[in-house]
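The next block is final12.txt, given as compact mmCIF, C-alpha atoms and all ligand atoms.
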```txt
# COMPACT_ATOMS: atom_id res chain seq x y z
CA MET A 1 24.64 126.46 119.02
CA GLU A 2 27.75 126.26 116.82
CA LEU A 3 26.83 126.64 113.16
CA PHE A 4 28.99 125.71 110.18
CA SER A 5 28.83 126.56 106.50
CA VAL A 6 29.54 123.52 104.29
CA LYS A 7 30.35 124.06 100.59
CA MET A 8 31.08 121.54 97.88
CA ARG A 9 32.25 122.07 94.30
CA SER A 10 33.31 119.49 91.77
CA SER A 11 35.00 119.67 88.39
CA ARG A 12 36.61 117.61 85.64
CA GLU A 13 39.66 118.83 83.75
CA GLU A 14 39.21 122.22 85.45
CA GLU A 15 35.62 122.50 84.20
CA HIS A 16 32.97 123.07 86.87
CA ILE A 17 30.41 120.24 87.19
CA SER A 18 28.36 120.94 90.30
CA GLY A 19 28.14 122.82 93.59
CA ALA A 20 26.09 122.63 96.75
CA GLU A 21 26.09 124.24 100.13
CA THR A 22 24.21 124.51 103.39
CA ILE A 23 24.45 125.67 107.01
CA VAL A 24 24.23 123.04 109.75
CA ASP A 25 25.08 122.54 113.38
CA ARG A 26 28.15 120.60 114.46
CA ALA A 27 26.27 117.34 115.01
CA GLU A 28 25.14 117.19 111.36
CA LEU A 29 28.53 117.85 109.75
CA VAL A 30 29.59 114.28 109.00
CA GLU A 31 26.25 113.34 107.46
CA VAL A 32 26.10 116.46 105.28
CA VAL A 33 29.66 116.06 103.99
CA GLY A 34 28.84 112.45 103.03
CA SER A 35 25.69 113.47 101.19
CA PHE A 36 27.54 116.24 99.28
CA VAL A 37 30.29 113.84 98.18
CA LYS A 38 27.59 111.40 97.02
CA ARG A 39 25.93 114.21 95.11
CA ALA A 40 29.23 115.19 93.45
CA LEU A 41 29.84 111.60 92.37
CA ASN A 42 26.36 111.14 90.87
CA HIS A 43 25.84 114.24 88.77
CA THR A 44 24.20 113.94 85.34
CA LYS A 45 26.91 116.20 83.89
CA GLY A 46 29.48 113.46 84.53
CA GLU A 47 32.16 112.06 86.82
CA PRO A 48 34.43 114.61 88.57
CA ASP A 49 38.22 114.31 88.92
CA PHE A 50 38.24 116.96 91.68
CA ILE A 51 35.89 117.47 94.65
CA ASN A 52 36.42 120.31 97.11
CA VAL A 53 34.54 120.38 100.43
CA LYS A 54 34.96 123.44 102.62
CA ILE A 55 33.75 123.73 106.23
CA GLU A 56 33.78 127.06 108.04
CA LYS A 57 32.40 128.01 111.42
CA LEU A 58 30.02 130.96 111.11
CA LYS A 59 31.19 134.13 112.80
CA GLU A 60 27.75 135.69 112.93
CA LYS A 61 24.19 134.47 113.50
CA PRO A 62 22.47 133.79 110.14
CA LEU A 63 19.62 135.95 108.99
CA GLU A 64 16.48 133.75 109.21
CA LEU A 65 14.10 134.00 106.25
CA VAL A 66 10.83 132.43 105.07
CA ALA A 67 11.15 130.96 101.56
CA LEU A 68 9.37 132.78 98.73
CA PRO A 69 5.93 131.43 97.77
CA VAL A 70 6.32 129.12 94.75
CA TYR A 71 4.01 129.36 91.71
CA ASP A 72 4.46 126.45 89.34
CA LEU A 73 3.44 127.51 85.84
CA MET A 74 2.08 124.33 84.29
CA THR A 75 2.16 125.53 80.68
CA PRO A 76 5.51 125.82 78.84
CA VAL A 77 7.03 129.26 79.06
CA ASP A 78 7.44 131.53 76.01
CA GLU A 79 8.88 135.00 75.53
CA GLU A 80 5.46 136.60 75.93
CA THR A 81 5.19 135.10 79.43
CA LEU A 82 8.66 136.39 80.28
CA ARG A 83 7.68 139.88 79.06
CA LYS A 84 4.70 139.85 81.47
CA LEU A 85 6.96 138.80 84.35
CA PHE A 86 9.50 141.54 83.57
CA GLY A 87 6.57 143.96 83.49
CA LEU A 88 5.51 142.82 87.00
CA MET A 89 9.08 143.52 88.14
CA GLY A 90 8.98 147.03 86.68
CA PHE A 91 11.82 146.17 84.30
CA PRO A 92 11.79 147.11 80.57
CA ASN A 93 10.34 144.02 78.79
CA GLU A 94 12.44 144.10 75.65
CA ARG A 95 15.72 144.51 77.55
CA GLY A 96 14.67 141.54 79.69
CA ILE A 97 14.18 139.44 76.55
CA GLU A 98 17.60 140.55 75.22
CA LEU A 99 19.20 139.35 78.47
CA TYR A 100 17.32 136.03 78.29
CA ARG A 101 18.64 135.48 74.72
CA GLU A 102 22.13 136.46 75.90
CA ILE A 103 21.94 133.69 78.53
CA LEU A 104 20.96 131.14 75.86
CA ARG A 105 23.95 132.20 73.73
CA GLY A 106 26.36 132.30 76.72
CA ALA A 107 26.63 135.67 78.48
CA ALA A 108 30.41 135.59 79.12
CA PRO A 109 32.84 136.85 76.48
CA GLY A 110 33.16 134.38 73.58
CA GLY A 111 29.69 132.94 74.27
CA LYS A 112 30.86 131.04 77.35
CA VAL A 113 28.68 130.33 80.38
CA MET A 114 29.29 132.76 83.25
CA ARG A 115 30.44 131.39 86.60
CA GLY A 116 27.92 133.58 88.44
CA ALA A 117 25.10 136.04 87.81
CA MET A 118 24.83 139.19 85.72
CA LEU A 119 23.77 142.34 87.56
CA VAL A 120 21.57 144.73 85.60
CA LYS A 121 20.35 148.11 86.75
CA LEU A 122 17.32 150.26 86.00
CA PRO A 123 16.41 152.44 84.16
CA PHE A 124 17.91 150.83 81.02
CA GLY A 125 19.19 147.48 82.26
CA GLU A 126 22.91 148.04 81.70
CA ARG A 127 25.21 145.32 83.04
CA VAL A 128 27.12 146.42 86.15
CA GLU A 129 28.80 143.22 87.41
CA PRO A 130 32.55 143.88 87.87
CA ASP A 131 33.65 140.81 85.86
CA ARG A 132 31.67 139.48 82.87
CA GLU A 133 33.21 136.02 82.97
CA ARG A 134 32.84 135.41 86.69
CA GLY A 135 29.67 137.37 87.47
CA VAL A 136 28.54 137.39 91.09
CA ARG A 137 28.00 134.18 93.06
CA VAL A 138 25.54 133.96 95.92
CA SER A 139 26.91 131.96 98.82
CA THR A 140 26.64 131.20 102.56
CA VAL A 141 23.07 129.91 102.53
CA GLY A 142 21.19 126.96 103.98
CA ILE A 143 17.79 125.53 104.89
CA VAL A 144 16.72 123.79 108.10
CA LYS A 145 15.59 120.16 107.85
CA GLU A 146 11.97 120.91 108.90
CA ALA A 147 11.59 123.50 106.13
CA GLU A 148 13.10 121.10 103.57
CA GLU A 149 10.64 118.38 104.64
CA ARG A 150 7.74 120.81 104.35
CA LEU A 151 8.83 121.81 100.84
CA LYS A 152 8.96 118.13 99.88
CA LYS A 153 5.40 117.67 101.14
CA LEU A 154 4.07 120.78 99.41
CA ALA A 155 5.75 120.09 96.06
CA GLY A 156 5.10 116.31 96.10
CA ASP A 157 6.39 114.62 92.95
CA ARG A 158 7.47 117.99 91.58
CA TYR A 159 10.14 118.30 94.28
CA THR A 160 13.78 118.22 93.12
CA GLU A 161 17.06 119.12 94.81
CA ASN A 162 17.45 121.81 92.15
CA LEU A 163 14.17 123.36 93.27
CA ARG A 164 15.25 123.37 96.92
CA ASP A 165 18.68 124.90 96.21
CA ALA A 166 17.36 127.45 93.77
CA LEU A 167 14.56 128.51 96.14
CA VAL A 168 17.06 129.02 98.97
CA LEU A 169 19.37 131.06 96.77
CA ALA A 170 16.55 133.11 95.21
CA THR A 171 15.02 133.89 98.63
CA LYS A 172 18.33 135.35 99.81
CA VAL A 173 18.68 137.41 96.63
CA LEU A 174 15.14 138.84 96.59
CA ASN A 175 15.33 139.71 100.29
CA HIS A 176 17.80 142.50 99.48
CA PRO A 177 15.90 145.81 99.26
CA ALA A 178 17.63 146.85 95.99
CA VAL A 179 16.67 143.65 94.10
CA LEU A 180 13.51 143.71 91.93
CA GLY A 181 13.74 140.13 90.71
CA GLU A 182 15.79 137.38 89.12
CA LEU A 183 15.84 135.22 85.98
CA CYS A 184 17.51 131.79 86.06
CA VAL A 185 18.21 129.23 83.33
CA SER A 186 20.19 126.20 84.48
CA ASP A 187 23.31 125.31 82.51
CA ASP A 188 22.58 121.60 83.09
CA PRO A 189 21.65 120.21 79.63
CA ASN A 190 19.12 117.86 81.26
CA TYR A 191 17.34 120.46 83.39
CA THR A 192 14.95 122.68 81.46
CA ILE A 193 12.98 124.17 84.36
CA GLY A 194 13.98 127.75 85.08
CA TYR A 195 12.45 130.48 87.19
CA VAL A 196 11.76 134.16 87.58
CA THR A 197 11.32 135.82 90.96
CA VAL A 198 9.41 139.06 91.40
CA LYS A 199 9.48 141.30 94.46
CA GLY A 200 6.11 141.22 96.25
CA LEU A 201 5.03 138.08 94.34
CA GLY A 202 7.45 135.19 94.75
CA TYR A 203 9.15 132.44 92.77
CA VAL A 204 7.62 131.44 89.43
CA ARG A 205 8.78 128.03 88.20
CA LEU A 206 9.03 127.96 84.41
CA ARG A 207 8.97 124.76 82.38
CA GLY A 208 10.74 124.54 79.02
CA ILE A 209 12.85 127.66 79.54
CA LYS A 210 15.44 126.17 77.18
CA GLU A 211 15.74 123.25 74.82
CA LYS A 212 16.88 119.96 76.27
CA GLY A 213 20.55 119.28 75.57
CA LEU A 214 21.62 122.95 75.56
CA ARG A 215 24.78 123.41 77.67
CA LYS A 216 24.11 127.11 78.27
CA GLY A 217 22.51 128.84 81.22
CA GLY A 218 22.85 131.80 83.52
CA ARG A 219 21.30 134.16 86.00
CA VAL A 220 20.33 137.83 85.99
CA PHE A 221 19.65 139.89 89.11
CA PHE A 222 17.51 142.95 88.30
CA LEU A 223 18.41 145.97 90.42
CA LYS A 224 16.91 149.32 91.34
CA GLU A 225 18.65 152.40 89.97
CA ASN A 226 19.95 153.51 93.38
CA CYS A 227 21.50 150.10 94.23
CA ASP A 228 24.90 150.22 95.96
CA VAL A 229 26.50 147.41 93.93
CA GLU A 230 29.49 146.84 96.22
CA GLU A 231 27.26 146.53 99.29
CA LEU A 232 24.92 144.17 97.41
CA ILE A 233 27.79 141.88 96.32
CA ASN A 234 29.07 141.72 99.88
CA TYR A 235 25.57 140.71 101.10
CA LEU A 236 25.12 138.09 98.34
CA GLU A 237 28.50 136.44 98.89
CA LYS A 238 29.02 136.69 102.62
CA LYS A 239 25.92 137.34 104.72
CA PRO A 240 24.84 133.99 106.24
CA VAL A 241 21.16 133.30 105.47
CA ILE A 242 19.14 130.31 106.58
CA ILE A 243 15.63 129.39 105.44
CA LYS A 244 13.57 128.55 108.51
CA GLU A 245 10.13 128.13 106.94
CA VAL A 246 8.50 127.46 103.59
CA SER A 247 5.38 129.41 102.63
CA SER A 248 3.36 127.84 99.81
CA TYR A 249 3.43 125.89 96.53
CA SER A 250 0.64 126.52 94.02
CA SER A 251 0.01 125.46 90.46
CA VAL A 252 -0.84 128.13 87.93
CA VAL A 253 -2.15 127.52 84.42
CA ASP A 254 -1.81 131.02 82.96
CA VAL A 255 0.67 133.69 84.02
CA ARG A 256 -2.21 136.21 84.05
CA GLU A 257 -3.45 134.53 87.26
CA LEU A 258 -0.37 135.98 88.96
CA LEU A 259 -1.41 139.55 88.22
CA SER A 260 -4.16 139.23 90.81
CA SER A 261 -2.10 137.28 93.36
CA PRO A 262 -2.93 138.19 96.99
CA MET A 263 0.74 139.13 97.54
CA ARG A 264 0.48 142.05 95.11
N1 LIG A 301 30.46 127.70 87.76
C1 LIG A 301 31.74 127.66 87.36
N2 LIG A 301 32.80 127.65 88.22
C2 LIG A 301 32.51 127.66 89.53
C3 LIG A 301 31.19 127.71 90.03
C4 LIG A 301 30.13 127.72 89.08
N3 LIG A 301 28.83 127.74 89.42
N4 LIG A 301 31.23 127.70 91.38
C5 LIG A 301 32.54 127.67 91.72
N5 LIG A 301 33.31 127.62 90.61
C6 LIG A 301 34.79 127.50 90.52
C7 LIG A 301 35.37 128.83 89.98
O1 LIG A 301 36.56 128.57 89.28
C8 LIG A 301 35.66 129.58 91.27
O2 LIG A 301 36.61 130.62 91.09
P1 LIG A 301 36.09 132.13 90.80
O3 LIG A 301 35.69 132.68 92.13
O4 LIG A 301 37.22 132.82 90.17
O5 LIG A 301 34.90 132.03 89.89
C9 LIG A 301 36.15 128.47 92.17
O6 LIG A 301 35.37 127.33 91.82
C10 LIG A 301 36.00 128.77 93.64
O7 LIG A 301 34.66 129.20 93.88
P2 LIG A 301 34.13 129.58 95.36
O8 LIG A 301 32.76 130.15 95.24
O9 LIG A 301 35.18 130.40 96.05
O10 LIG A 301 34.08 128.14 96.03
P3 LIG A 301 33.35 127.69 97.36
O11 LIG A 301 33.85 126.32 97.63
O12 LIG A 301 33.45 128.75 98.40
O13 LIG A 301 31.77 127.62 96.95
C11 LIG A 301 29.83 126.86 95.70
C12 LIG A 301 31.37 126.90 95.83
C13 LIG A 301 29.57 126.20 94.33
C14 LIG A 301 29.21 126.03 96.81
C15 LIG A 301 29.25 128.31 95.74
O14 LIG A 301 29.98 129.17 94.87
C16 LIG A 301 27.81 128.36 95.28
O15 LIG A 301 27.52 128.49 94.11
N6 LIG A 301 26.85 128.23 96.24
C17 LIG A 301 25.46 128.09 95.93
C18 LIG A 301 25.28 126.62 95.67
C19 LIG A 301 23.94 126.27 95.29
O16 LIG A 301 23.09 126.08 96.09
N7 LIG A 301 23.86 126.16 93.96
C20 LIG A 301 22.68 125.74 93.37
C21 LIG A 301 21.96 126.93 92.78
S1 LIG A 301 20.60 126.35 91.91
P1 LIG A 302 22.56 126.16 87.87
O1 LIG A 302 21.15 126.46 88.26
O2 LIG A 302 23.40 125.67 88.99
O3 LIG A 302 22.65 125.36 86.61
O4 LIG A 302 23.19 127.59 87.53
C1 LIG A 302 22.74 128.35 86.42
C2 LIG A 302 23.66 129.53 86.20
O5 LIG A 302 23.59 130.40 87.32
C3 LIG A 302 25.12 129.16 86.06
O6 LIG A 302 25.43 128.91 84.71
C4 LIG A 302 25.82 130.41 86.54
O7 LIG A 302 25.87 131.35 85.48
C5 LIG A 302 24.86 130.96 87.58
N1 LIG A 302 25.21 130.56 88.96
C6 LIG A 302 25.63 129.35 89.40
N2 LIG A 302 25.80 129.35 90.74
C7 LIG A 302 25.48 130.61 91.14
C8 LIG A 302 25.46 131.25 92.39
N3 LIG A 302 25.80 130.62 93.50
N4 LIG A 302 25.07 132.54 92.44
C9 LIG A 302 24.73 133.21 91.30
N5 LIG A 302 24.74 132.66 90.10
C10 LIG A 302 25.10 131.37 90.01
```
For the structure just supplied, provide its representation as structure tokens.
Ligand code: COA
Ligand code: AMP
Amino acid sequence: MELFSVKMRSSREEEHISGAETIVDRAELVEVVGSFVKRALNHTKGEPDFINVKIEKLKEKPLELVALPVYDLMTPVDEETLRKLFGLMGFPNERGIELYREILRGAAPGGKVMRGAMLVKLPFGERVEPDRERGVRVSTVGIVKEAEERLKKLAGDRYTENLRDALVLATKVLNHPAVLGELCVSDDPNYTIGYVTVKGLGYVRLRGIKEKGLRKGGRVFFLKENCDVEELINYLEKKPVIIKEVSSYSSVVDVRELLSSPMR
């Protein structure tokens, strides 16, 4: 089967509005390109004056992964909850909170939003991404239709395209052996659901991670001390990964329930 990576990004007056990508076979190309253009034209952040769609044939077979189990925390998140999640990751709590606040202020120089993720390394959580404005952007990912349908069924009315895309991206990231977890706050002023992933646990959906209307957001990838950063960046940007299956979607009322999760 011939597989293609399809990537879309849109902007207005050089400012990024939205992006999307997937991996599909040749027969699905036309439909996917149409749906991405539609998506670019209907974004809550506004109307683009530039839409770029890129199609590339994959040169290697994608790595097939099962999506992380999703835990939907039904109570609004606070810093204490984040501290517990950083603790589960084995990352210093207070440094984690500093990074979260940095995201809310804009983690690029001058308080701007980064174009990709921060990389922070144990033991102290120093930033090691090569460029603090750009960060590192995960790419070359996709999900098969059957898995997407299953996620829709499991999540029911809590399903969103943001959830699907973020779960795909986060599954690729956490699959790398040097990654302990991730924190994500969307920069979309209308989307206030963020997440934390934790190795050995899964994807924890966090409501109210920022105030509605805030145009800031960002991502942090938490790394082990011995991480080879160059090798990791190459994996995150270039290794094709496709989600073949979805595992589970459960509601959680208190983050303490996660401490005794069967995955741990
Ligand atoms: N924020 C700001 N600018 C962005 C951007 C973002 N999230 N993504 C792309 N751009 C702009 C930048 O100017 C970038 O130049 P840079 O590399 O110097 O930062 C330029 O577009 C080209 O980016 P590139 O990644 O080379 O474009 P692409 O067409 O190959 O892929 C995406 C674009 C958006 C599809 C890809 O980067 C991506 O983010 N994929 C994941 C998409 C996804 O599922 N996102 C949802 C996560 S919840
Ligand atoms: P979003 O969830 O799309 O609102 O993105 C939230 C933040 O994550 C953005 O502000 C960027 O800092 C960062 N980001 C966006 N796309 C990527 C990506 N593909 N990989 C890593 N980080 C990203």
Quiz item: What is the CA of Lys224 (chain A)-CA of Leu122 (chain A) distance in Å, reported with one decimal?
Solution: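 Spanning CA of Lys224 (chain A) to CA of Leu122 (chain A) is a straight-line distance of 5.4 Å.
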Exercise. May I ask you to write as a ChimeraX atom specification all residues lying at most 8 Å from ligand LIG 302 (chain A), with only C-alpha atoms and all ligand atoms counted?
Key: /A:18-19,113-118,135-139,162,166,169,184-188,191,194,216-220
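Taking CA of Ser10 (chain A) as the reference point, CA of Ile243 (chain A) is found at 24.4 Å.
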Self-check item: atom N3 of ligand LIG 301 (chain A) to CA of Met8 (chain A), distance in Å rounded to a single decimal
Solution: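 Between these atoms lies a distance of 10.7 Å.
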Quiz prompt | Shell around Asp165 (chain A) at 9 Å using all atoms listed in the file, local window under 4 positions removed, as an NGL selection string | solution = :A and (20-21 or 142-143 or 160-161 or 169-170)
Exercise. Using all atoms listed in the file, determine which residues lie at most 7 Å from region 172-178 of chain A, disregarding the query and same-chain residues fewer than 5 positions distant; provide the list as a list in words.
Key: Lys199, Leu223, Lys224, Cys227, Leu236 and Val241 of chain A
Need the axis-aligned box for ligand LIG 301 (chain A) with 3 Å each side, so what are the centre and edges in Å to one decimal, as AutoDock Vina command-line options?
```
--center_x 28.9 --center_y 129.3 --center_z 92.9 --size_x 22.6 --size_y 13.1 --size_z 17.0
```
Quiz item: Could you pull the residues within 9 Å of Phe50 (chain A), counting all atoms listed in the file, minus those fewer than 6 positions along the same chain, as a list in words?
Solution: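 Residues meeting the cut-off are Arg9, Ser10, Ser11, Arg12, Glu13 and Glu14 of chain A.
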Quiz item: Looking at all atoms listed in the file, which of A:Arg39, A:Lys121, A:Lys152, A:Arg205 is the one that sits closest to Leu180 (chain A)?
Solution: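 Distance minimum relative to Leu180 (chain A) lands on A:Lys121.
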Self-check item: Shell around Ser35 (chain A) at 12 Å using all atoms listed in the file, local window under 4 positions removed, as a list in words
Solution: Val6, Lys7, Met8, Ala20, Glu21, Thr22, Glu28, Leu29, Val30, Glu31, Arg39, Ala40, Leu41, Asn42 and Val53 of chain A
Self-check item: Proximity to ligand LIG 301 (chain A) - best of A:Glu146, A:Asp131, A:Glu245, A:Asp49, only C-alpha atoms and all ligand atoms
Solution: A:Asp131
Practice problem: Rank A:Ala27, A:Val196, A:Leu88, A:Ile55 by their smallest atom-to-atom distance to ligand LIG 301 (chain A), using only C-alpha atoms and all ligand atoms, and report the top residue only. | Solution: A:Ile55
Quiz item: Hey, which of A:Val141, A:Ala67, A:Leu214, A:Leu201 ends up closest to ligand LIG 301 (chain A)? Count only C-alpha atoms and all ligand atoms.
Solution: A:Val141
Self-check item: Residue among A:Lys239, A:Leu183, A:Val252, A:Leu167 lying closest to Pro69 (chain A), counting all atoms listed in the file
Solution: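 Using all atoms listed in the file, the shortest distance to Pro69 (chain A) belongs to A:Leu167.
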